[in-house]
$ cat entry33.txt   # compact mmCIF, N, CA and C atoms
# COMPACT_ATOMS: atom_id res chain seq x y z
N SER A 1 -31.22 21.05 -30.76
CA SER A 1 -30.94 21.58 -32.09
C SER A 1 -32.20 21.48 -32.96
N ASN A 2 -32.20 22.19 -34.06
CA ASN A 2 -33.32 22.11 -35.00
C ASN A 2 -33.48 20.69 -35.53
N PHE A 3 -32.34 20.03 -35.80
CA PHE A 3 -32.38 18.65 -36.29
C PHE A 3 -33.11 17.75 -35.28
N GLU A 4 -32.74 17.84 -34.02
CA GLU A 4 -33.37 17.01 -32.98
C GLU A 4 -34.86 17.32 -32.86
N TYR A 5 -35.21 18.60 -32.96
CA TYR A 5 -36.61 19.00 -32.90
C TYR A 5 -37.41 18.37 -34.05
N LEU A 6 -36.87 18.46 -35.27
CA LEU A 6 -37.57 17.88 -36.42
C LEU A 6 -37.66 16.36 -36.31
N MET A 7 -36.61 15.73 -35.78
CA MET A 7 -36.67 14.28 -35.59
C MET A 7 -37.73 13.92 -34.54
N ALA A 8 -37.83 14.72 -33.49
CA ALA A 8 -38.86 14.47 -32.47
C ALA A 8 -40.26 14.61 -33.08
N LEU A 9 -40.48 15.64 -33.90
CA LEU A 9 -41.77 15.79 -34.57
C LEU A 9 -42.08 14.60 -35.46
N ASN A 10 -41.07 14.13 -36.20
CA ASN A 10 -41.26 12.96 -37.06
C ASN A 10 -41.61 11.73 -36.23
N THR A 11 -40.95 11.55 -35.10
CA THR A 11 -41.22 10.40 -34.23
C THR A 11 -42.64 10.47 -33.68
N ILE A 12 -43.04 11.64 -33.20
CA ILE A 12 -44.39 11.82 -32.67
C ILE A 12 -45.44 11.54 -33.75
N ALA A 13 -45.10 11.89 -35.00
CA ALA A 13 -46.02 11.67 -36.12
C ALA A 13 -46.01 10.22 -36.60
N GLY A 14 -45.20 9.37 -35.98
CA GLY A 14 -45.17 7.96 -36.36
C GLY A 14 -44.22 7.65 -37.49
N ARG A 15 -43.38 8.59 -37.85
CA ARG A 15 -42.41 8.36 -38.92
C ARG A 15 -41.19 7.65 -38.35
N THR A 16 -40.59 6.78 -39.17
CA THR A 16 -39.49 5.94 -38.70
C THR A 16 -38.57 5.57 -39.85
N PHE A 17 -37.30 5.36 -39.54
CA PHE A 17 -36.33 4.89 -40.54
C PHE A 17 -36.61 3.44 -40.93
N ASN A 18 -37.46 2.75 -40.18
CA ASN A 18 -37.75 1.34 -40.42
C ASN A 18 -38.85 1.10 -41.46
N ASP A 19 -39.48 2.16 -41.95
CA ASP A 19 -40.58 2.04 -42.90
C ASP A 19 -40.44 3.12 -43.98
N LEU A 20 -40.09 2.72 -45.20
CA LEU A 20 -39.88 3.69 -46.26
C LEU A 20 -41.14 4.50 -46.57
N ASP A 21 -42.31 3.93 -46.30
CA ASP A 21 -43.55 4.66 -46.54
C ASP A 21 -43.84 5.70 -45.46
N GLN A 22 -43.17 5.59 -44.33
CA GLN A 22 -43.34 6.55 -43.23
C GLN A 22 -41.99 7.12 -42.80
N TYR A 23 -41.11 7.30 -43.78
CA TYR A 23 -39.75 7.77 -43.52
C TYR A 23 -39.78 9.21 -43.01
N PRO A 24 -38.86 9.58 -42.13
CA PRO A 24 -38.84 10.97 -41.64
C PRO A 24 -38.73 11.99 -42.79
N VAL A 25 -39.38 13.13 -42.60
CA VAL A 25 -39.43 14.20 -43.59
C VAL A 25 -38.77 15.45 -43.02
N PHE A 26 -37.92 16.06 -43.81
CA PHE A 26 -37.32 17.34 -43.45
C PHE A 26 -37.63 18.34 -44.55
N PRO A 27 -37.85 19.59 -44.20
CA PRO A 27 -38.18 20.58 -45.22
C PRO A 27 -36.94 21.07 -45.96
N TRP A 28 -37.15 21.53 -47.18
CA TRP A 28 -36.13 22.30 -47.87
C TRP A 28 -35.94 23.56 -47.03
N ILE A 29 -34.72 23.92 -46.71
CA ILE A 29 -34.44 25.11 -45.91
C ILE A 29 -33.94 26.25 -46.80
N LEU A 30 -33.01 25.91 -47.67
CA LEU A 30 -32.43 26.91 -48.56
C LEU A 30 -33.26 27.07 -49.82
N ALA A 31 -33.18 28.24 -50.42
CA ALA A 31 -33.83 28.49 -51.70
C ALA A 31 -32.80 28.88 -52.77
N ASP A 32 -31.53 28.89 -52.39
CA ASP A 32 -30.46 29.30 -53.31
C ASP A 32 -29.47 28.15 -53.44
N TYR A 33 -29.47 27.52 -54.59
CA TYR A 33 -28.55 26.41 -54.85
C TYR A 33 -27.63 26.73 -56.02
N THR A 34 -27.49 28.02 -56.32
CA THR A 34 -26.64 28.43 -57.44
C THR A 34 -25.41 29.22 -57.00
N CYS A 35 -25.50 29.93 -55.90
CA CYS A 35 -24.37 30.77 -55.45
C CYS A 35 -23.26 29.90 -54.87
N SER A 36 -22.04 30.32 -55.10
CA SER A 36 -20.90 29.59 -54.53
C SER A 36 -20.72 29.94 -53.05
N GLU A 37 -21.29 31.07 -52.62
CA GLU A 37 -21.23 31.48 -51.22
C GLU A 37 -22.60 32.02 -50.81
N LEU A 38 -23.18 31.43 -49.78
CA LEU A 38 -24.52 31.84 -49.35
C LEU A 38 -24.46 33.10 -48.49
N ASP A 39 -25.38 34.00 -48.72
CA ASP A 39 -25.53 35.19 -47.90
C ASP A 39 -26.62 34.89 -46.87
N LEU A 40 -26.22 34.51 -45.68
CA LEU A 40 -27.18 34.10 -44.65
C LEU A 40 -27.94 35.28 -44.05
N THR A 41 -27.59 36.50 -44.45
CA THR A 41 -28.34 37.68 -44.00
C THR A 41 -29.45 38.05 -44.98
N ASN A 42 -29.47 37.40 -46.13
CA ASN A 42 -30.47 37.69 -47.16
C ASN A 42 -31.65 36.73 -47.02
N PRO A 43 -32.84 37.23 -46.71
CA PRO A 43 -34.01 36.35 -46.57
C PRO A 43 -34.30 35.51 -47.82
N ALA A 44 -33.92 35.99 -49.00
CA ALA A 44 -34.16 35.25 -50.24
C ALA A 44 -33.33 33.98 -50.32
N THR A 45 -32.34 33.85 -49.46
CA THR A 45 -31.51 32.64 -49.42
C THR A 45 -32.30 31.46 -48.88
N PHE A 46 -33.35 31.75 -48.13
CA PHE A 46 -34.09 30.70 -47.43
C PHE A 46 -35.48 30.48 -48.03
N ARG A 47 -35.94 29.26 -47.92
CA ARG A 47 -37.29 28.89 -48.36
C ARG A 47 -38.30 29.49 -47.38
N ASP A 48 -39.45 29.85 -47.88
CA ASP A 48 -40.55 30.34 -47.05
C ASP A 48 -41.20 29.13 -46.37
N LEU A 49 -40.95 28.98 -45.07
CA LEU A 49 -41.46 27.82 -44.34
C LEU A 49 -42.92 28.00 -43.89
N THR A 50 -43.54 29.12 -44.25
CA THR A 50 -44.96 29.30 -43.91
C THR A 50 -45.86 28.61 -44.91
N LYS A 51 -45.28 28.10 -46.00
CA LYS A 51 -46.07 27.46 -47.06
C LYS A 51 -45.56 26.05 -47.32
N PRO A 52 -46.45 25.16 -47.74
CA PRO A 52 -45.97 23.85 -48.20
C PRO A 52 -45.19 24.03 -49.50
N VAL A 53 -44.35 23.07 -49.81
CA VAL A 53 -43.50 23.19 -51.00
C VAL A 53 -44.33 23.40 -52.26
N GLY A 54 -45.51 22.85 -52.31
CA GLY A 54 -46.37 23.01 -53.48
C GLY A 54 -46.89 24.41 -53.68
N ALA A 55 -46.84 25.24 -52.64
CA ALA A 55 -47.36 26.60 -52.73
C ALA A 55 -46.26 27.66 -52.80
N LEU A 56 -45.02 27.26 -52.95
CA LEU A 56 -43.92 28.22 -52.96
C LEU A 56 -43.87 29.06 -54.23
N ASN A 57 -44.36 28.51 -55.33
CA ASN A 57 -44.38 29.22 -56.60
C ASN A 57 -45.84 29.58 -56.89
N GLU A 58 -46.15 30.86 -56.88
CA GLU A 58 -47.54 31.32 -57.03
C GLU A 58 -48.17 30.87 -58.35
N GLU A 59 -47.39 30.94 -59.43
CA GLU A 59 -47.90 30.52 -60.74
C GLU A 59 -48.26 29.04 -60.74
N ARG A 60 -47.38 28.22 -60.18
CA ARG A 60 -47.66 26.78 -60.10
C ARG A 60 -48.84 26.52 -59.18
N MET A 61 -48.94 27.27 -58.08
CA MET A 61 -50.06 27.09 -57.16
C MET A 61 -51.37 27.36 -57.86
N GLN A 62 -51.39 28.35 -58.74
CA GLN A 62 -52.61 28.65 -59.50
C GLN A 62 -52.97 27.48 -60.42
N GLN A 63 -51.97 26.81 -60.96
CA GLN A 63 -52.23 25.62 -61.79
C GLN A 63 -52.86 24.51 -60.94
N PHE A 64 -52.37 24.33 -59.72
CA PHE A 64 -52.96 23.33 -58.82
C PHE A 64 -54.42 23.69 -58.51
N VAL A 65 -54.67 24.94 -58.20
CA VAL A 65 -56.03 25.39 -57.86
C VAL A 65 -56.95 25.25 -59.06
N GLU A 66 -56.47 25.63 -60.25
CA GLU A 66 -57.29 25.50 -61.45
C GLU A 66 -57.64 24.04 -61.72
N ARG A 67 -56.65 23.16 -61.59
CA ARG A 67 -56.91 21.73 -61.79
C ARG A 67 -57.93 21.23 -60.78
N TYR A 68 -57.80 21.66 -59.53
CA TYR A 68 -58.74 21.26 -58.49
C TYR A 68 -60.16 21.73 -58.83
N ASN A 69 -60.28 22.97 -59.22
CA ASN A 69 -61.60 23.55 -59.50
C ASN A 69 -62.26 22.96 -60.73
N THR A 70 -61.48 22.50 -61.70
CA THR A 70 -62.06 21.97 -62.94
C THR A 70 -62.13 20.44 -62.97
N PHE A 71 -61.53 19.80 -61.98
CA PHE A 71 -61.52 18.33 -61.96
C PHE A 71 -62.91 17.80 -61.66
N ASP A 72 -63.37 16.88 -62.50
CA ASP A 72 -64.70 16.32 -62.31
C ASP A 72 -64.67 14.86 -62.70
N ASP A 73 -64.61 14.00 -61.71
CA ASP A 73 -64.59 12.56 -61.95
C ASP A 73 -65.51 11.91 -60.93
N PRO A 74 -66.43 11.08 -61.37
CA PRO A 74 -67.37 10.48 -60.41
C PRO A 74 -66.71 9.50 -59.44
N ASP A 75 -65.54 8.96 -59.80
CA ASP A 75 -64.90 7.96 -58.95
C ASP A 75 -63.71 8.48 -58.15
N ILE A 76 -63.11 9.57 -58.59
CA ILE A 76 -61.92 10.09 -57.94
C ILE A 76 -62.26 11.44 -57.31
N PRO A 77 -62.04 11.57 -56.00
CA PRO A 77 -62.32 12.86 -55.38
C PRO A 77 -61.34 13.94 -55.85
N LYS A 78 -61.74 15.19 -55.75
CA LYS A 78 -60.86 16.30 -56.13
C LYS A 78 -59.59 16.25 -55.28
N PHE A 79 -58.51 16.73 -55.84
CA PHE A 79 -57.24 16.80 -55.12
C PHE A 79 -56.47 18.03 -55.56
N LEU A 80 -55.66 18.55 -54.67
CA LEU A 80 -54.85 19.72 -54.99
C LEU A 80 -53.53 19.30 -55.62
N TYR A 81 -52.81 18.44 -54.93
CA TYR A 81 -51.53 17.95 -55.45
C TYR A 81 -51.72 16.53 -55.94
N GLY A 82 -51.20 16.23 -57.10
CA GLY A 82 -51.32 14.88 -57.65
C GLY A 82 -50.18 13.98 -57.23
N SER A 83 -49.34 14.48 -56.34
CA SER A 83 -48.18 13.74 -55.86
C SER A 83 -48.12 13.93 -54.35
N HIS A 84 -47.11 13.36 -53.73
CA HIS A 84 -46.96 13.44 -52.28
C HIS A 84 -45.58 13.95 -51.95
N TYR A 85 -45.42 14.56 -50.80
CA TYR A 85 -44.13 15.11 -50.40
C TYR A 85 -43.16 14.05 -49.92
N SER A 86 -43.66 12.86 -49.58
CA SER A 86 -42.78 11.79 -49.11
C SER A 86 -43.42 10.44 -49.41
N THR A 87 -42.69 9.61 -50.13
CA THR A 87 -43.12 8.24 -50.42
C THR A 87 -41.88 7.35 -50.37
N ALA A 88 -42.09 6.05 -50.40
CA ALA A 88 -40.95 5.13 -50.46
C ALA A 88 -40.11 5.41 -51.70
N ALA A 89 -40.76 5.68 -52.82
CA ALA A 89 -40.03 5.95 -54.06
C ALA A 89 -39.18 7.22 -53.94
N ILE A 90 -39.65 8.22 -53.21
CA ILE A 90 -38.87 9.44 -53.02
C ILE A 90 -37.64 9.16 -52.17
N VAL A 91 -37.80 8.39 -51.11
CA VAL A 91 -36.65 8.03 -50.27
C VAL A 91 -35.62 7.29 -51.11
N LEU A 92 -36.06 6.34 -51.93
CA LEU A 92 -35.14 5.59 -52.78
C LEU A 92 -34.52 6.48 -53.85
N PHE A 93 -35.27 7.45 -54.34
CA PHE A 93 -34.75 8.43 -55.30
C PHE A 93 -33.55 9.15 -54.71
N TYR A 94 -33.67 9.62 -53.48
CA TYR A 94 -32.58 10.36 -52.85
C TYR A 94 -31.40 9.46 -52.46
N LEU A 95 -31.67 8.23 -52.04
CA LEU A 95 -30.62 7.38 -51.47
C LEU A 95 -30.18 6.25 -52.40
N VAL A 96 -30.43 6.39 -53.69
CA VAL A 96 -30.16 5.31 -54.64
C VAL A 96 -28.68 4.88 -54.65
N ARG A 97 -27.78 5.74 -54.25
CA ARG A 97 -26.35 5.42 -54.28
C ARG A 97 -25.83 4.83 -52.97
N LEU A 98 -26.73 4.49 -52.07
CA LEU A 98 -26.35 4.01 -50.74
C LEU A 98 -27.11 2.72 -50.43
N GLU A 99 -26.38 1.64 -50.19
CA GLU A 99 -27.04 0.39 -49.81
C GLU A 99 -27.62 0.53 -48.41
N PRO A 100 -28.73 -0.13 -48.11
CA PRO A 100 -29.47 -1.10 -48.91
C PRO A 100 -30.45 -0.46 -49.90
N PHE A 101 -30.43 0.87 -50.00
CA PHE A 101 -31.40 1.57 -50.83
C PHE A 101 -31.19 1.31 -52.32
N THR A 102 -29.95 1.05 -52.72
CA THR A 102 -29.68 0.71 -54.12
C THR A 102 -30.45 -0.56 -54.50
N SER A 103 -30.30 -1.58 -53.67
CA SER A 103 -30.99 -2.86 -53.94
C SER A 103 -32.51 -2.70 -53.89
N LEU A 104 -33.00 -1.88 -52.96
CA LEU A 104 -34.44 -1.65 -52.87
C LEU A 104 -34.94 -0.89 -54.09
N HIS A 105 -34.14 0.05 -54.58
CA HIS A 105 -34.50 0.77 -55.81
C HIS A 105 -34.59 -0.20 -56.99
N LEU A 106 -33.61 -1.08 -57.10
CA LEU A 106 -33.62 -2.06 -58.20
C LEU A 106 -34.85 -2.95 -58.10
N LYS A 107 -35.21 -3.36 -56.89
CA LYS A 107 -36.40 -4.19 -56.70
C LYS A 107 -37.65 -3.43 -57.12
N LEU A 108 -37.74 -2.17 -56.72
CA LEU A 108 -38.89 -1.33 -57.09
C LEU A 108 -39.00 -1.17 -58.60
N GLN A 109 -37.86 -1.09 -59.28
CA GLN A 109 -37.83 -0.86 -60.73
C GLN A 109 -37.71 -2.15 -61.54
N GLY A 110 -38.07 -3.28 -60.95
CA GLY A 110 -38.08 -4.54 -61.69
C GLY A 110 -36.69 -5.06 -62.04
N GLY A 111 -35.70 -4.76 -61.19
CA GLY A 111 -34.35 -5.30 -61.40
C GLY A 111 -33.42 -4.39 -62.18
N HIS A 112 -33.91 -3.23 -62.59
CA HIS A 112 -33.09 -2.30 -63.37
C HIS A 112 -33.16 -0.91 -62.73
N PHE A 113 -32.13 -0.12 -62.97
CA PHE A 113 -32.19 1.27 -62.53
C PHE A 113 -33.23 2.00 -63.38
N ASP A 114 -33.86 2.99 -62.76
CA ASP A 114 -34.80 3.84 -63.48
C ASP A 114 -34.03 4.58 -64.58
N CYS A 115 -34.75 5.23 -65.48
CA CYS A 115 -34.11 6.01 -66.55
C CYS A 115 -33.17 7.03 -65.92
N ALA A 116 -32.03 7.24 -66.55
CA ALA A 116 -31.01 8.15 -66.00
C ALA A 116 -31.57 9.54 -65.73
N ASP A 117 -32.47 10.02 -66.57
CA ASP A 117 -33.05 11.35 -66.38
C ASP A 117 -33.90 11.45 -65.13
N ARG A 118 -34.34 10.31 -64.59
CA ARG A 118 -35.19 10.33 -63.41
C ARG A 118 -34.44 9.95 -62.14
N LEU A 119 -33.12 9.74 -62.22
CA LEU A 119 -32.32 9.45 -61.04
C LEU A 119 -31.84 10.75 -60.42
N PHE A 120 -31.72 10.77 -59.10
CA PHE A 120 -31.25 11.97 -58.42
C PHE A 120 -29.79 12.21 -58.77
N HIS A 121 -29.49 13.44 -59.21
CA HIS A 121 -28.10 13.76 -59.51
C HIS A 121 -27.74 15.21 -59.20
N SER A 122 -28.70 16.03 -58.77
CA SER A 122 -28.41 17.43 -58.52
C SER A 122 -29.41 18.03 -57.54
N ILE A 123 -28.92 18.58 -56.45
CA ILE A 123 -29.81 19.25 -55.50
C ILE A 123 -30.45 20.45 -56.17
N GLU A 124 -29.66 21.20 -56.92
CA GLU A 124 -30.18 22.39 -57.60
C GLU A 124 -31.33 22.04 -58.55
N GLU A 125 -31.14 21.01 -59.38
CA GLU A 125 -32.19 20.61 -60.32
C GLU A 125 -33.43 20.08 -59.60
N CYS A 126 -33.21 19.35 -58.52
CA CYS A 126 -34.35 18.83 -57.74
C CYS A 126 -35.13 19.98 -57.13
N TRP A 127 -34.44 20.98 -56.58
CA TRP A 127 -35.11 22.15 -56.01
C TRP A 127 -35.91 22.89 -57.08
N GLU A 128 -35.29 23.10 -58.24
CA GLU A 128 -35.99 23.80 -59.33
C GLU A 128 -37.24 23.03 -59.76
N SER A 129 -37.14 21.71 -59.81
CA SER A 129 -38.29 20.89 -60.15
C SER A 129 -39.38 21.02 -59.09
N CYS A 130 -38.97 21.07 -57.81
CA CYS A 130 -39.94 21.24 -56.73
C CYS A 130 -40.64 22.59 -56.79
N LEU A 131 -40.00 23.57 -57.40
CA LEU A 131 -40.61 24.89 -57.52
C LEU A 131 -41.50 25.03 -58.75
N HIS A 132 -41.21 24.28 -59.81
CA HIS A 132 -41.87 24.54 -61.09
C HIS A 132 -42.71 23.39 -61.66
N SER A 133 -42.40 22.17 -61.32
CA SER A 133 -43.12 21.03 -61.89
C SER A 133 -44.41 20.76 -61.10
N VAL A 134 -45.50 20.55 -61.81
CA VAL A 134 -46.76 20.23 -61.12
C VAL A 134 -46.79 18.79 -60.63
N SER A 135 -45.78 18.02 -60.97
CA SER A 135 -45.75 16.62 -60.51
C SER A 135 -44.69 16.40 -59.43
N ASN A 136 -44.13 17.47 -58.87
CA ASN A 136 -43.06 17.31 -57.89
C ASN A 136 -43.29 18.24 -56.70
N VAL A 137 -43.61 17.67 -55.57
CA VAL A 137 -43.72 18.42 -54.32
C VAL A 137 -42.89 17.74 -53.22
N LYS A 138 -41.76 17.16 -53.63
CA LYS A 138 -40.90 16.43 -52.69
C LYS A 138 -40.33 17.34 -51.61
N GLU A 139 -40.30 16.84 -50.41
CA GLU A 139 -39.51 17.44 -49.34
C GLU A 139 -38.23 16.62 -49.23
N LEU A 140 -37.41 16.93 -48.26
CA LEU A 140 -36.13 16.24 -48.10
C LEU A 140 -36.22 15.15 -47.04
N ILE A 141 -35.12 14.46 -46.85
CA ILE A 141 -34.99 13.42 -45.84
C ILE A 141 -33.84 13.80 -44.91
N PRO A 142 -33.78 13.26 -43.71
CA PRO A 142 -32.76 13.67 -42.74
C PRO A 142 -31.32 13.51 -43.24
N GLU A 143 -31.07 12.54 -44.09
CA GLU A 143 -29.71 12.28 -44.56
C GLU A 143 -29.07 13.50 -45.21
N PHE A 144 -29.87 14.41 -45.76
CA PHE A 144 -29.30 15.62 -46.36
C PHE A 144 -28.63 16.50 -45.33
N PHE A 145 -28.92 16.26 -44.05
CA PHE A 145 -28.40 17.11 -42.98
C PHE A 145 -27.33 16.43 -42.14
N TYR A 146 -27.00 15.16 -42.43
CA TYR A 146 -25.94 14.55 -41.65
C TYR A 146 -25.00 13.64 -42.41
N LEU A 147 -25.32 13.20 -43.61
CA LEU A 147 -24.38 12.39 -44.38
C LEU A 147 -23.31 13.29 -44.98
N PRO A 148 -22.06 12.85 -44.96
CA PRO A 148 -20.98 13.73 -45.44
C PRO A 148 -20.96 13.95 -46.95
N ASP A 149 -21.42 13.01 -47.74
CA ASP A 149 -21.37 13.16 -49.21
C ASP A 149 -22.74 13.15 -49.83
$ encode --input "entry33.txt" --output "structure tokens"
Amino acid sequence: SNFEYLMALNTIAGRTFNDLDQYPVFPWILADYTCSELDLTNPATFRDLTKPVGALNEERMQQFVERYNTFDDPDIPKFLYGSHYSTAAIVLFYLVRLEPFTSLHLKLQGGHFDCADRLFHSIEECWESCLHSVSNVKELIPEFFYLPD
């Protein structure tokens, strides 16, 4: 299956469920999170997998390129994306409602939950942020494809 193939790629790449910093990564597959019924014959329903998530929105990509071209710091090398597609904080963001990730999130945030506006609460809003925010290039985690809720 596609799931098994992606898990094999993650394993070969050294990604594991045992390390939040090297947690398995799965791509966003759908691009439509607003319709009540998906049209699987419409190519616009799906994300363009030929591009990284940071390059899916041409206008935002131009902002990344402009920042790269104008960035000048003697100590920090130029960079395209100022964020990463997968980090321990991203895994905890997605799994905050599931132990042991709830406790790990609290530990990361100094014993308190992060601000409510920064907690995961909507796939649609997260996708929109991944398309439009210059600080969000998150991909997904395997749990989106096998957890029931």
$ closest_atom_pairs --input "entry33.txt" --of "range 18-115 of chain A" --to "range 127-133 of chain A" --cutoff "8 Å" --atoms "only N, CA and C atoms" --output "CSV"
residue,atom,partner,partner_atom,distance
A:Ala31,CA,A:Trp127,CA,7.8
A:Tyr33,CA,A:Trp127,CA,7.9
A:Val53,C,A:Cys130,C,5.9
A:Gly54,N,A:Cys130,C,6.6
A:Ala55,C,A:Leu131,CA,7.9
A:Leu56,C,A:Leu131,CA,6.2
A:Asn57,CA,A:Leu131,C,5.5
A:Glu58,N,A:Leu131,C,7.7
A:Glu59,C,A:His132,CA,7.8
A:Arg60,CA,A:His132,C,6.2
A:Met61,N,A:Leu131,C,7.8
$ write_last_selection --input "entry33.txt" --atoms "N, CA and C atoms" --output "PDB file, keeping the file's coordinate frame"
ATOM      1  N   ALA A  31     -33.180  28.240 -50.420  1.00  0.00           N
ATOM      2  CA  ALA A  31     -33.830  28.490 -51.700  1.00  0.00           C
ATOM      3  C   ALA A  31     -32.800  28.880 -52.770  1.00  0.00           C
ATOM      4  N   TYR A  33     -29.470  27.520 -54.590  1.00  0.00           N
ATOM      5  CA  TYR A  33     -28.550  26.410 -54.850  1.00  0.00           C
ATOM      6  C   TYR A  33     -27.630  26.730 -56.020  1.00  0.00           C
ATOM      7  N   VAL A  53     -44.350  23.070 -49.810  1.00  0.00           N
ATOM      8  CA  VAL A  53     -43.500  23.190 -51.000  1.00  0.00           C
ATOM      9  C   VAL A  53     -44.330  23.400 -52.260  1.00  0.00           C
ATOM     10  N   GLY A  54     -45.510  22.850 -52.310  1.00  0.00           N
ATOM     11  CA  GLY A  54     -46.370  23.010 -53.480  1.00  0.00           C
ATOM     12  C   GLY A  54     -46.890  24.410 -53.680  1.00  0.00           C
ATOM     13  N   ALA A  55     -46.840  25.240 -52.640  1.00  0.00           N
ATOM     14  CA  ALA A  55     -47.360  26.600 -52.730  1.00  0.00           C
ATOM     15  C   ALA A  55     -46.260  27.660 -52.800  1.00  0.00           C
ATOM     16  N   LEU A  56     -45.020  27.260 -52.950  1.00  0.00           N
ATOM     17  CA  LEU A  56     -43.920  28.220 -52.960  1.00  0.00           C
ATOM     18  C   LEU A  56     -43.870  29.060 -54.230  1.00  0.00           C
ATOM     19  N   ASN A  57     -44.360  28.510 -55.330  1.00  0.00           N
ATOM     20  CA  ASN A  57     -44.380  29.220 -56.600  1.00  0.00           C
ATOM     21  C   ASN A  57     -45.840  29.580 -56.890  1.00  0.00           C
ATOM     22  N   GLU A  58     -46.150  30.860 -56.880  1.00  0.00           N
ATOM     23  CA  GLU A  58     -47.540  31.320 -57.030  1.00  0.00           C
ATOM     24  C   GLU A  58     -48.170  30.870 -58.350  1.00  0.00           C
ATOM     25  N   GLU A  59     -47.390  30.940 -59.430  1.00  0.00           N
ATOM     26  CA  GLU A  59     -47.900  30.520 -60.740  1.00  0.00           C
ATOM     27  C   GLU A  59     -48.260  29.040 -60.740  1.00  0.00           C
ATOM     28  N   ARG A  60     -47.380  28.220 -60.180  1.00  0.00           N
ATOM     29  CA  ARG A  60     -47.660  26.780 -60.100  1.00  0.00           C
ATOM     30  C   ARG A  60     -48.840  26.520 -59.180  1.00  0.00           C
ATOM     31  N   MET A  61     -48.940  27.270 -58.080  1.00  0.00           N
ATOM     32  CA  MET A  61     -50.060  27.090 -57.160  1.00  0.00           C
ATOM     33  C   MET A  61     -51.370  27.360 -57.860  1.00  0.00           C
TER      34      MET A  61
END
$ select_by_dssp --input "entry33.txt" --residues "chain A" --states "alpha helix (DSSP H)" --output "ChimeraX atom specification"
/A:2-12,58-70,88-95,101-108,123-132
$ atom_distance --input "entry33.txt" --atom1 "atom C of Arg67 in chain A" --atom2 "atom C of Tyr85 in chain A"
19.7 Å
$ closest_residue --input "entry33.txt" --among "A:Pro27, A:Gly14, A:Gln109, A:Pro77" --to "Lys138 in chain A" --atoms "only C-alpha atoms"
A:Pro27
$ atom_distance --input "entry33.txt" --atom1 "CA of Lys107 in chain A" --atom2 "atom C of Leu119 in chain A"
16.1 Å
$ atom_distance --input "entry33.txt" --atom1 "atom N of Asp73 in chain A" --atom2 "atom N of Ser135 in chain A"
19.3 Å
$ axis_aligned_box --input "entry33.txt" --around "range 6-16 of chain A" --padding-each-side "4 Å" --output "lines of an AutoDock Vina configuration file"
center_x = -41.3
center_y = 12.0
center_z = -36.2
size_x = 17.4
size_y = 20.9
size_z = 15.4
